[in-house]
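*Asks:* Provided herewith: my_file.cif, mmCIF, C-alpha atoms.
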```
data_model
#
loop_
_atom_site.label_atom_id
_atom_site.label_comp_id
_atom_site.auth_asym_id
_atom_site.auth_seq_id
_atom_site.Cartn_x
_atom_site.Cartn_y
_atom_site.Cartn_z
CA MET A 10 0.00 0.00 0.00
CA LEU A 11 1.43 3.37 -0.96
CA PHE A 12 2.39 5.73 1.82
CA LEU A 13 0.17 8.77 2.07
CA CYS A 14 1.81 11.57 3.99
CA SER A 15 -0.13 12.77 7.02
CA ILE A 16 -0.33 16.48 7.79
CA CYS A 17 -1.60 18.77 10.47
CA LEU A 18 -4.33 21.16 9.45
CA PHE A 19 -3.31 24.78 9.21
CA ASN A 20 -4.91 26.58 12.14
CA ASN A 21 -6.78 29.84 11.69
CA ALA A 22 -4.25 32.61 11.69
CA GLN A 23 -3.69 35.78 9.77
CA VAL A 24 -0.81 36.06 7.34
CA ASN A 25 2.46 36.36 9.22
CA GLY A 26 3.90 39.79 8.56
CA GLY A 27 0.62 40.98 7.04
CA GLN A 28 -0.78 44.51 7.17
CA LEU A 29 -4.26 44.12 5.69
CA ASP A 30 -6.53 44.10 8.73
CA LYS A 31 -9.78 43.64 6.76
CA LEU A 32 -8.52 40.41 5.24
CA ARG A 33 -7.16 39.22 8.56
CA ASP A 34 -10.49 39.79 10.30
CA LEU A 35 -12.55 38.07 7.60
CA TYR A 36 -10.19 35.10 7.57
CA ASN A 37 -10.19 34.69 11.34
CA LEU A 38 -14.00 34.93 11.38
CA GLU A 39 -13.95 31.97 8.94
CA LYS A 40 -15.66 34.02 6.24
CA TYR A 41 -13.44 32.48 3.59
CA GLU A 42 -15.54 33.31 0.52
CA ASP A 43 -15.86 36.94 1.61
CA CYS A 44 -12.15 37.09 2.39
CA LEU A 45 -11.32 35.56 -0.99
CA PHE A 46 -13.56 38.01 -2.86
CA LYS A 47 -12.01 40.94 -0.98
CA ALA A 48 -8.45 39.69 -1.51
CA LEU A 49 -8.95 39.26 -5.26
CA LYS A 50 -10.53 42.69 -5.53
CA ILE A 51 -7.65 44.29 -3.62
CA SER A 52 -5.08 42.51 -5.78
CA GLU A 53 -6.59 44.14 -8.89
CA SER A 54 -6.29 47.67 -7.50
CA SER A 55 -3.37 49.86 -8.55
CA LYS A 56 -2.54 50.56 -4.90
CA TYR A 57 -1.85 46.91 -4.09
CA GLU A 58 -0.89 45.46 -7.48
CA LYS A 59 2.67 44.79 -6.26
CA ASP A 60 1.64 43.64 -2.77
CA PRO A 61 2.04 39.85 -2.24
CA GLU A 62 -0.30 39.72 0.77
CA PRO A 63 -3.67 39.59 -1.07
CA TYR A 64 -2.42 36.65 -3.14
CA LEU A 65 -1.37 34.75 -0.03
CA TYR A 66 -4.78 35.31 1.56
CA SER A 67 -6.38 34.11 -1.69
CA SER A 68 -4.34 30.93 -1.53
CA MET A 69 -5.17 30.37 2.14
CA CYS A 70 -8.89 30.92 1.53
CA TYR A 71 -8.91 28.51 -1.38
CA LEU A 72 -7.21 25.91 0.79
CA LYS A 73 -9.85 26.33 3.47
CA LEU A 74 -12.62 26.08 0.87
CA HIS A 75 -11.03 22.90 -0.46
CA LYS A 76 -11.06 21.32 2.99
CA LEU A 77 -14.68 22.35 3.57
CA ASN A 78 -15.96 21.16 0.18
CA LYS A 79 -13.68 18.36 -1.01
CA ASP A 80 -16.33 15.67 -0.41
CA ASP A 81 -18.99 17.59 -2.36
CA MET A 82 -18.70 16.52 -6.01
CA GLU A 83 -21.08 19.32 -7.07
CA SER A 84 -19.23 22.07 -5.23
CA GLU A 85 -18.22 25.18 -7.15
CA HIS A 86 -14.91 24.90 -5.28
CA LYS A 87 -13.92 21.47 -6.66
CA ASP A 88 -10.71 23.00 -8.07
CA ALA A 89 -9.95 24.96 -4.90
CA LEU A 90 -6.71 23.11 -4.11
CA ARG A 91 -5.28 23.81 -7.54
CA ASN A 92 -6.36 27.44 -7.15
CA ALA A 93 -4.62 27.56 -3.78
CA LEU A 94 -1.41 26.54 -5.58
CA LYS A 95 -2.08 29.00 -8.40
CA TYR A 96 -2.33 31.96 -6.02
CA ALA A 97 0.55 30.71 -3.91
CA LEU A 98 2.64 30.92 -7.09
CA LYS A 99 1.46 34.50 -7.70
CA PHE A 100 2.30 35.33 -4.10
CA LYS A 101 5.76 33.83 -4.55
CA PHE A 102 6.44 35.97 -7.64
CA LYS A 103 5.10 39.17 -6.05
CA ASP A 104 7.17 38.72 -2.90
CA ARG A 105 10.45 39.82 -4.45
CA SER A 106 12.26 40.09 -1.12
CA LYS A 107 10.99 36.63 -0.09
CA MET A 108 10.62 37.97 3.46
CA MET A 109 6.89 37.21 3.69
CA TYR A 110 7.46 33.87 1.97
CA LYS A 111 9.92 32.88 4.71
CA GLN A 112 7.57 34.17 7.42
CA ASN A 113 4.81 31.90 6.09
CA ALA A 114 6.96 28.86 5.34
CA GLU A 115 4.81 26.65 7.58
CA TYR A 116 1.73 27.33 5.45
CA ILE A 117 3.66 26.72 2.23
CA LYS A 118 4.95 23.38 3.49
CA GLN A 119 1.49 22.25 4.56
CA LEU A 120 0.02 23.32 1.22
CA GLU A 121 2.64 21.26 -0.61
CA ASP A 122 2.16 18.24 1.65
CA LEU A 123 -1.62 18.36 1.18
CA ALA A 124 -1.21 18.60 -2.60
CA VAL A 125 0.96 15.45 -2.56
CA GLN A 126 -1.49 13.71 -0.24
CA GLU A 127 -4.41 14.48 -2.57
CA THR A 128 -2.36 13.48 -5.60
CA SER A 129 -1.64 10.12 -3.99
CA TYR A 130 -5.31 9.70 -3.11
CA HIS A 131 -6.40 10.22 -6.72
CA ALA A 132 -3.61 7.95 -7.99
CA SER A 133 -4.61 5.17 -5.58
CA ASN A 134 -8.10 5.39 -7.09
CA THR A 135 -6.55 5.12 -10.59
CA ASP A 136 -7.63 8.66 -11.47
CA PHE A 137 -4.21 9.36 -12.97
CA ARG A 138 -5.44 12.32 -15.00
CA LYS A 139 -6.61 14.25 -11.96
CA ALA A 140 -3.52 13.21 -10.01
CA SER A 141 -1.25 14.42 -12.82
CA MET A 142 -3.03 17.77 -13.07
CA LEU A 143 -2.70 18.39 -9.35
CA ILE A 144 0.97 17.43 -9.06
CA GLY A 145 1.54 19.52 -12.20
CA SER A 146 0.15 22.56 -10.39
CA LEU A 147 2.48 21.83 -7.49
CA TYR A 148 5.45 21.46 -9.85
CA ARG A 149 4.72 24.87 -11.37
CA PHE A 150 4.76 26.33 -7.87
CA ASP A 151 7.86 24.44 -6.71
CA ASN A 152 9.97 22.95 -9.53
CA ASN A 153 11.38 20.22 -7.30
CA ASN A 154 12.59 17.14 -9.20
CA ALA A 155 10.43 14.94 -6.97
CA PHE A 156 7.27 16.57 -8.30
CA GLN A 157 8.51 16.41 -11.89
CA TYR A 158 9.27 12.70 -11.42
CA TYR A 159 5.86 11.97 -9.88
CA LYS A 160 4.09 13.88 -12.67
CA GLY A 161 6.05 12.01 -15.34
CA VAL A 162 5.06 8.65 -13.90
CA LEU A 163 1.42 9.67 -13.58
CA ASP A 164 1.45 10.89 -17.18
CA ILE A 165 2.76 7.50 -18.32
CA LEU A 166 0.02 5.75 -16.36
CA ASN A 167 -2.46 8.10 -18.02
CA LYS A 168 -1.09 6.93 -21.40
CA ASN A 169 0.63 10.25 -22.02
CA SER A 170 4.03 9.41 -23.50
CA SER A 171 5.41 12.89 -22.74
CA GLY A 172 5.93 11.65 -19.19
CA LYS A 173 8.99 9.68 -20.35
CA ARG A 174 11.04 12.85 -20.72
CA SER A 175 10.15 14.04 -17.21
CA ILE A 176 11.08 10.65 -15.76
CA LYS A 177 14.34 10.52 -17.69
CA ASN A 178 15.35 14.05 -16.61
CA SER A 179 14.50 13.37 -12.96
CA LEU A 180 16.34 10.05 -12.81
CA ALA A 181 19.36 11.62 -14.52
CA TYR A 182 19.37 14.33 -11.84
CA TYR A 183 19.13 11.77 -9.03
CA GLN A 184 21.87 9.67 -10.59
CA LEU A 185 24.20 12.65 -11.00
CA ASN A 186 23.58 14.02 -7.50
CA ALA A 187 23.03 10.73 -5.65
CA ASP A 188 25.79 11.12 -3.07
CA SER A 189 24.95 14.72 -2.11
CA ILE A 190 21.23 13.91 -1.82
CA ARG A 191 21.99 10.84 0.27
CA GLU A 192 24.29 12.77 2.59
CA ASN A 193 21.87 15.71 2.92
CA PRO A 194 18.36 14.24 2.81
CA SER A 195 15.49 16.72 2.62
CA HIS A 196 13.30 15.07 5.28
CA ILE A 197 10.33 16.82 3.64
CA ASN A 198 7.24 14.64 3.68
CA GLY A 199 5.84 15.73 0.33
CA VAL A 200 9.15 15.35 -1.47
CA ASN A 201 10.01 11.91 -0.09
CA THR A 202 6.45 10.65 -0.57
CA SER A 203 6.49 11.80 -4.19
CA ILE A 204 9.75 9.96 -4.89
CA GLU A 205 8.61 6.80 -3.11
CA ASN A 206 5.17 6.64 -4.74
CA ALA A 207 6.47 7.53 -8.19
CA THR A 208 9.11 4.81 -7.95
CA ILE A 209 6.67 2.12 -6.83
CA TYR A 210 4.15 3.01 -9.55
CA TYR A 211 6.85 3.22 -12.21
CA CYS A 212 8.56 -0.03 -11.23
CA ASP A 213 5.20 -1.82 -11.20
CA TYR A 214 4.62 -0.43 -14.70
CA LEU A 215 8.05 -1.57 -15.93
CA LYS A 216 7.61 -5.01 -14.42
CA LYS A 217 4.17 -5.38 -15.98
CA ASN A 218 5.65 -4.49 -19.36
CA GLN A 219 8.51 -6.98 -18.93
CA MET A 220 11.23 -4.32 -18.62
CA GLU A 221 12.86 -5.76 -15.52
CA ASP A 222 16.36 -4.47 -16.32
CA SER A 223 15.00 -0.93 -16.43
CA MET A 224 13.07 -1.58 -13.22
CA LYS A 225 16.26 -2.67 -11.46
CA THR A 226 18.11 0.38 -12.73
CA VAL A 227 15.44 2.70 -11.32
CA LEU A 228 15.48 0.89 -7.99
CA LYS A 229 19.28 1.17 -7.78
CA ILE A 230 19.15 4.91 -8.32
CA ILE A 231 16.31 5.63 -5.91
CA HIS A 232 17.49 3.22 -3.23
CA HIS A 233 20.84 4.95 -3.21
CA ILE A 234 19.28 8.35 -2.46
CA LEU A 235 16.59 7.04 -0.08
CA PRO A 236 18.18 4.20 1.92
CA GLN A 237 15.95 5.10 4.86
CA SER A 238 12.78 4.17 2.94
CA ASP A 239 11.45 0.77 3.99
CA GLN A 240 9.21 0.58 0.92
CA ILE A 241 12.00 1.23 -1.56
CA THR A 242 14.45 -1.03 0.27
CA ARG A 243 12.00 -3.93 0.37
CA TYR A 244 11.15 -3.51 -3.32
CA HIS A 245 14.85 -3.20 -4.18
CA ASN A 246 15.91 -6.23 -2.16
CA LYS A 247 13.16 -8.39 -3.63
CA ALA A 248 14.07 -7.35 -7.19
CA MET A 249 17.76 -8.00 -6.56
CA GLY A 250 17.16 -11.31 -4.78
CA ILE A 251 18.54 -10.04 -1.48
CA ASN A 252 16.89 -11.99 1.32
CA LYS A 253 17.26 -9.41 4.06
CA GLN A 254 14.72 -7.19 5.74
CA PRO A 255 15.65 -3.52 6.21
CA TYR A 256 15.93 -1.84 9.58
CA THR A 257 14.20 1.51 9.77
CA GLN A 258 15.72 4.73 11.07
CA GLY A 259 14.03 3.97 14.37
CA GLY A 260 15.74 0.58 14.56
CA ILE A 261 19.36 -0.33 15.07
CA LYS A 262 20.64 0.58 11.61
CA ILE A 263 19.89 0.46 7.92
CA ILE A 264 21.36 -2.59 6.21
CA LYS A 265 24.41 -1.70 4.18
CA SER A 266 26.20 -3.92 1.71
CA LYS A 267 27.82 -3.60 -1.67
CA ASP A 268 24.68 -4.91 -3.29
CA VAL A 269 22.37 -2.51 -1.53
CA SER A 270 23.78 0.85 -0.54
CA GLN A 271 26.98 1.39 -2.50
CA ILE A 272 25.47 1.14 -5.96
CA LYS A 273 26.12 4.12 -8.15
CA GLY A 274 24.81 4.88 -11.59
CA THR A 275 26.78 3.26 -14.38
CA LYS A 276 26.89 3.74 -18.10
CA GLU A 277 25.06 0.43 -18.39
CA ASP A 278 22.24 1.82 -16.24
CA GLU A 279 21.98 4.91 -18.46
CA ASN A 280 21.82 2.74 -21.57
CA THR A 281 19.07 0.61 -20.04
CA LEU A 282 16.94 3.68 -19.36
CA GLU A 283 17.70 5.03 -22.82
CA LYS A 284 16.18 1.94 -24.44
CA ASP A 285 12.77 2.71 -22.92
CA ASP A 286 12.62 6.03 -24.72
CA GLN A 287 13.14 4.48 -28.11
#
```
Output the file's structure in the form of structure tokens.

*Replies:*
Amino acid sequence: MLFLCSICLFNNAQVNGGQLDKLRDLYNLEKYEDCLFKALKISESSKYEKDPEPYLYSSMCYLKLHKLNKDDMESEHKDALRNALKYALKFKFKDRSKMMYKQNAEYIKQLEDLAVQETSYHASNTDFRKASMLIGSLYRFDNNNAFQYYKGVLDILNKNSSGKRSIKNSLAYYQLNADSIRENPSHINGVNTSIENATIYYCDYLKKNQMEDSMKTVLKIIHHILPQSDQITRYHNKAMGINKQPYTQGGIKIIKSKDVSQIKGTKEDENTLEKDDQ
């Protein structure tokens, strides 16, 4: 079963470092539609056209509306999560100093984690189109390789061959930077979950299509950068015929051997991946 990252809900709070009291009051009174309408109107005025704060409130309101209406299939806010990412991106661009962005980093992280969680939910229900659209919105906001990789895999599962290029670029990045990523892991739920889920889906796809050499190559690359992942280690060990169970970070240690943790990308691995694109 794929791991779905768990998150804490973002508590009611005004924008950190904000100055717009009317938006703060509407938001804290849970009048999210009114706050959203006001924020969008303010953002269109010449006085505030360069102010990032209205866009951040718009994103936060859309996120709240998503949580309140996500189970209502007829809701007018069915795309609220993607809109939350859309306005978070506008906020990011408007905040040239990145001071407010840093002050509201907790919200940004929770927005990203929720987007990955919802992506994984749609993917687990085989709605790969919706999952791809959502992770695509996240990738536009934060061009992290993990989100590009996840989107590429979901595109492939949605029978969109353009996903191959995204997968190839992401795996090439991980192969080139394997040691530095391994030594300085991100420990970000959304990022690690995206890599883990994308790898499991993609390796299942490769195995189903009788491309086991490519599957092993992918597992070598990802296991090297995420040795702490039980899911990846178990999949890797089974594929490689290694009859050992991994210890988690909470256990004594992670199993290390030449076959498991010291594998680096080789020219042969690159050639194997190259064949899938032909």

*Asks:* Given the file above and the PyMOL selection byres ((chain A and resi 42-57) around 12), which residues are selected, and can you give them as a compact mmCIF listing (two decimals) with C-alpha atoms, in the coordinates of the input?

*Replies:*
```
# COMPACT_ATOMS: atom_id res chain seq x y z
CA GLN A 23 -3.69 35.78 9.77
CA GLN A 28 -0.78 44.51 7.17
CA LEU A 29 -4.26 44.12 5.69
CA ASP A 30 -6.53 44.10 8.73
CA LYS A 31 -9.78 43.64 6.76
CA LEU A 32 -8.52 40.41 5.24
CA ARG A 33 -7.16 39.22 8.56
CA ASP A 34 -10.49 39.79 10.30
CA LEU A 35 -12.55 38.07 7.60
CA TYR A 36 -10.19 35.10 7.57
CA ASN A 37 -10.19 34.69 11.34
CA LEU A 38 -14.00 34.93 11.38
CA GLU A 39 -13.95 31.97 8.94
CA LYS A 40 -15.66 34.02 6.24
CA TYR A 41 -13.44 32.48 3.59
CA GLU A 58 -0.89 45.46 -7.48
CA LYS A 59 2.67 44.79 -6.26
CA ASP A 60 1.64 43.64 -2.77
CA PRO A 61 2.04 39.85 -2.24
CA GLU A 62 -0.30 39.72 0.77
CA PRO A 63 -3.67 39.59 -1.07
CA TYR A 64 -2.42 36.65 -3.14
CA LEU A 65 -1.37 34.75 -0.03
CA TYR A 66 -4.78 35.31 1.56
CA SER A 67 -6.38 34.11 -1.69
CA SER A 68 -4.34 30.93 -1.53
CA MET A 69 -5.17 30.37 2.14
CA CYS A 70 -8.89 30.92 1.53
CA TYR A 71 -8.91 28.51 -1.38
CA LEU A 72 -7.21 25.91 0.79
CA LYS A 73 -9.85 26.33 3.47
CA LEU A 74 -12.62 26.08 0.87
CA HIS A 75 -11.03 22.90 -0.46
CA LEU A 77 -14.68 22.35 3.57
CA GLU A 85 -18.22 25.18 -7.15
CA HIS A 86 -14.91 24.90 -5.28
CA ALA A 89 -9.95 24.96 -4.90
CA ASN A 92 -6.36 27.44 -7.15
CA ALA A 93 -4.62 27.56 -3.78
CA TYR A 96 -2.33 31.96 -6.02
CA LYS A 99 1.46 34.50 -7.70
CA PHE A 100 2.30 35.33 -4.10
CA LYS A 103 5.10 39.17 -6.05
```

*Asks:* Within 7 Å of region 163-166 of chain A, counting only C-alpha atoms, which residues qualify if same-chain residues fewer than 5 places away don't, as an NGL selection string?

*Replies:* :A and (137 or 141 or 172-173)

*Asks:* Of the residues A:Ile241, A:Ala181, A:Leu228, A:Leu94, which is the one nearest to Phe150 (chain A), using only C-alpha atoms?

*Replies:*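 Between A:Ile241, A:Ala181, A:Leu228, A:Leu94, the residue approaching Phe150 (chain A) most closely is A:Leu94.
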
*Asks:* I'd like the interatomic distance between CA of Asp122 (chain A) and CA of Gly26 (chain A), to a tenth of an Å.

*Replies:* 22.7 Å

*Asks:* Residues picked by the PyMOL selection byres ((chain A and resi 142-148) around 10) here, as number ranges by chain?

*Replies:* A: 88, 90-95, 97-98, 120-122, 124-129, 131, 137-141, 149-161, 163-164, 203

*Asks:* Name every residue that the PyMOL selection byres ((chain A and resi 182) around 12) selects in this structure, writing the answer as a ChimeraX atom specification with chains first and numbers rising.

*Replies:* /A:153-155,157-158,175-181,183-190,230-231,234,274,279

*Asks:* Just give me the gap between CA of Asn198 (chain A) and CA of Asn246 (chain A) in Å, one decimal is fine.

*Replies:*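 Between these atoms lies a distance of 23.3 Å.
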
*Asks:* Would you compute the distance between CA of Ala207 (chain A) and CA of Val162 (chain A)? Give it in Å to one decimal.

*Replies:* 6.0 Å

*Asks:* Using all atoms listed in the file, find the one residue out of A:Met108, A:Ala248, A:Val24, A:Ile197 that sits nearest to Asp222 (chain A).

*Replies:*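 Result for the nearest residue to Asp222 (chain A): A:Ala248.
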